[in-house]
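Notes to accompany the following structure.
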Amino acid sequence: MAQLLQFYIGEFMNLNFLLGGRKMEEVVYYGILSLIPAILAVVLAFWTKNVIVSLAISLFSGCLIIANWNPWIAMQDMFSAHLFVDFTGSSNAQTIIMMSFVGGFVALMDQSGGAKAFAGAIAKKVKSRAAAQVATWAGGLAIFFSDSGNSLILGPIFKPVYDRLKVSRAKLAYILDSTSSPVCILIPVTGWGVYIMSIIAAEFENLGIQASDSTTFLQAIPYQFYAILALLLVPLVASSNRDFGPMLKAERYTLENGPKESELAEETITVESSDNATAWHMIVPLIVLFATIFIMFISWGFPTQNVPGSKIRIALTSGYLLASIVMGAMIIRSKIMNFTEVIDCFVSGVKKMAGILVIIILAWGVGSVCSMMGTSQFIVDQTIGFLSPALVPALLFIIGAVVSFATGTSWGTMAILLPLGINMAYSFEVSEIITIAAVLSGSLFGDHCAPISDTTVMSSMAAGCNHIEHVRTQIPYAVLAAVSAFIGYLIIGVTQSSAVVALPIAVVILVVLYFGAVKLFGKKAEE
């Protein structure tokens, strides 16, 4: 009787074979069940708006299927076969340490007042409406090390300048939002770059791809169409002095009446800093950061030799450490903070990275469990008959845009879609570089303009603009960049061209769409 019961339990635990799982040459293929972790991650992210919970449940679901529906074994495997293994991997351990140093450096930079002094020096030279907008854009490019720091620093400084020149706070919020995440995602030495490279490295290791994660990130930069187009649209709008839709209404109202009473009463975020802070408190540490990185690169044979990702992480970590030490010494010397306060500030920045590190580790786990289940291979097998490989980048861009807009997080969307995209690119034999860039662009869209995105909220608060007003006025401009980027990915997929061809075409499309929208729905605010 006991043997018969054991037989039936075993058959029940092997239910996945009836639903598509099969064993061939010691490799288990789980059929349609392999989609469950990826689908759960997306659906739960939509529903809960919590990426950590979504990724954790997604990871456990995959382990549950692999463990033949035994939750006890699944829980053990989730830690022993995935989280612990991913956490202790050499490149992943480097990433965790490096991200901690990035957090400490950003906290010191935010609190030193150097970036605020740098932006203030720019603001003093602004005399016209167009110049104010371009100066804000330039300041956003310069303050690239933190997406939230960008808005928090520039918003309070330029707000009185915009009020004086009668430029709407909605326009200020739009420019702050358009020069925060879109800048950070293009630069490898930011927390964004480190995070993205960590996911790329994990997937390349799973697939046996020998390419460097850092080199791949750098090669993907010209293909990040949405980030580039969103950045280029700002000076185009500022220099043409033409708007359309809700932004035109906001600009006209401000020209006639000045800031709204509700905006004047709006509670905003300000950055407190000492009067002793100067722009050099930002400039000198950044010089130390880049000098350290490039000196180490050159010592390893750059640019004639390829520098492996492990050494690049060593260079970045060393650069952030030395830059933090120099900045801490300057802060103490200027009596902005004492030694204890500097240490506490650095540690607080490290602590703020805890949530991001949890997302990274869970993303590694979901990627490894999907790889083990053959998720990407199943997708390829099911779609190879009707989905052209040329459409993969454009399709992933659309999916990323929808998921990120619904969840309000680009990091969570990248954690979900980057492993899937890399695996699909590998299986379809399309460019991993272009596919990665498409996922990054789609993921950025939601972070840029979703109402529940933290950077969107931060931009409206820092500009003293009503949040819904900011979202309403910004979305039409973000959609122009998104449509242009989508067409760019279609062109690059169908023609197999490079960014040298596709990016200029996407820029031309953006210019045509913008002036077409202005022609149909807007004009100069003064008219």
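A note on labels: chains of the structure tokens are A, B, ... as shown, every chain counts residues from 1, and ligands are counted from 1 in their shown order.
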
Write out as CSV a residue-level contact list of segment 179-220 of chain A versus segment 423-439 of chain A with cut-off 12 Å: for each qualifying residue the closest pair of atoms and the distance in Å to one decimal, counting only C-alpha atoms, rows sorted by chain and residue number upward.
```
residue,atom,partner,partner_atom,distance
A:Ile185,CA,A:Ala437,CA,10.3
A:Leu186,CA,A:Ala437,CA,10.1
A:Ile196,CA,A:Ile436,CA,9.4
A:Met197,CA,A:Ile436,CA,10.5
A:Ile199,CA,A:Ile436,CA,10.5
A:Ile200,CA,A:Ile436,CA,8.5
A:Ala202,CA,A:Asn423,CA,11.5
A:Glu203,CA,A:Asn423,CA,7.7
A:Phe204,CA,A:Asn423,CA,9.0
A:Glu205,CA,A:Asn423,CA,11.5
A:Asn206,CA,A:Asn423,CA,9.5
A:Leu207,CA,A:Asn423,CA,7.8
A:Gly208,CA,A:Tyr426,CA,10.4
A:Ile209,CA,A:Tyr426,CA,9.1
A:Ala211,CA,A:Glu432,CA,10.2
A:Ser212,CA,A:Ile433,CA,11.4
A:Asp213,CA,A:Ile433,CA,10.1
A:Ser214,CA,A:Ile433,CA,11.3
A:Thr215,CA,A:Ile433,CA,9.7
A:Thr216,CA,A:Ile433,CA,6.2
A:Phe217,CA,A:Ile433,CA,7.6
A:Leu218,CA,A:Ile433,CA,9.2
A:Gln219,CA,A:Ile433,CA,6.7
A:Ala220,CA,A:Ile433,CA,5.2
```

Just to be explicit: take each residue in the selection above, keep C-alpha atoms, and write the result as a PDB file, in the first residue's frame.
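Printed below is result-v1.pdb as written:
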```
ATOM      1  CA  ILE A 185      21.120  55.160 -18.536  1.00  0.00           C
ATOM      2  CA  LEU A 186      23.683  56.198 -21.177  1.00  0.00           C
ATOM      3  CA  ILE A 196      22.551  46.972 -16.332  1.00  0.00           C
ATOM      4  CA  MET A 197      26.010  45.469 -16.809  1.00  0.00           C
ATOM      5  CA  ILE A 199      22.358  41.613 -15.528  1.00  0.00           C
ATOM      6  CA  ILE A 200      24.157  41.379 -18.873  1.00  0.00           C
ATOM      7  CA  ALA A 202      24.895  37.076 -15.514  1.00  0.00           C
ATOM      8  CA  GLU A 203      23.043  36.201 -18.724  1.00  0.00           C
ATOM      9  CA  PHE A 204      26.208  36.040 -20.806  1.00  0.00           C
ATOM     10  CA  GLU A 205      27.678  33.645 -18.267  1.00  0.00           C
ATOM     11  CA  ASN A 206      24.542  31.457 -18.371  1.00  0.00           C
ATOM     12  CA  LEU A 207      24.638  31.325 -22.166  1.00  0.00           C
ATOM     13  CA  GLY A 208      28.388  30.935 -22.465  1.00  0.00           C
ATOM     14  CA  ILE A 209      28.775  34.202 -24.390  1.00  0.00           C
ATOM     15  CA  ALA A 211      31.719  39.075 -24.813  1.00  0.00           C
ATOM     16  CA  SER A 212      32.446  41.591 -22.032  1.00  0.00           C
ATOM     17  CA  ASP A 213      29.380  43.043 -20.338  1.00  0.00           C
ATOM     18  CA  SER A 214      30.993  46.487 -20.208  1.00  0.00           C
ATOM     19  CA  THR A 215      31.974  46.417 -23.869  1.00  0.00           C
ATOM     20  CA  THR A 216      28.459  45.308 -24.770  1.00  0.00           C
ATOM     21  CA  PHE A 217      26.972  48.198 -22.766  1.00  0.00           C
ATOM     22  CA  LEU A 218      29.232  50.707 -24.496  1.00  0.00           C
ATOM     23  CA  GLN A 219      28.391  49.278 -27.925  1.00  0.00           C
ATOM     24  CA  ALA A 220      24.664  49.487 -27.090  1.00  0.00           C
TER      25      ALA A 220
END
```

(message) Excluding Val500 of chain A and its own-chain neighbours fewer than 3 positions away, which residues fall within 12 Å of it when counting only C-alpha atoms? Please give them as a ChimeraX atom specification.
(response) /A:221-223,225,488,491-492,496-497,503-507

Go through segment 360-469 of chain A and flag each residue having an atom no more than 9 Å from segment 477-480 of chain A; for those, report the closest pair of atoms plus their distance in Å to one decimal, using only C-alpha atoms, ordered by chain and rising number, as a tab-separated table.
```
residue	atom	partner	partner_atom	distance
A:Phe445	CA	A:Ala478	CA	7.5
A:His448	CA	A:Ala478	CA	7.8
A:Cys449	CA	A:Ala478	CA	7.0
```
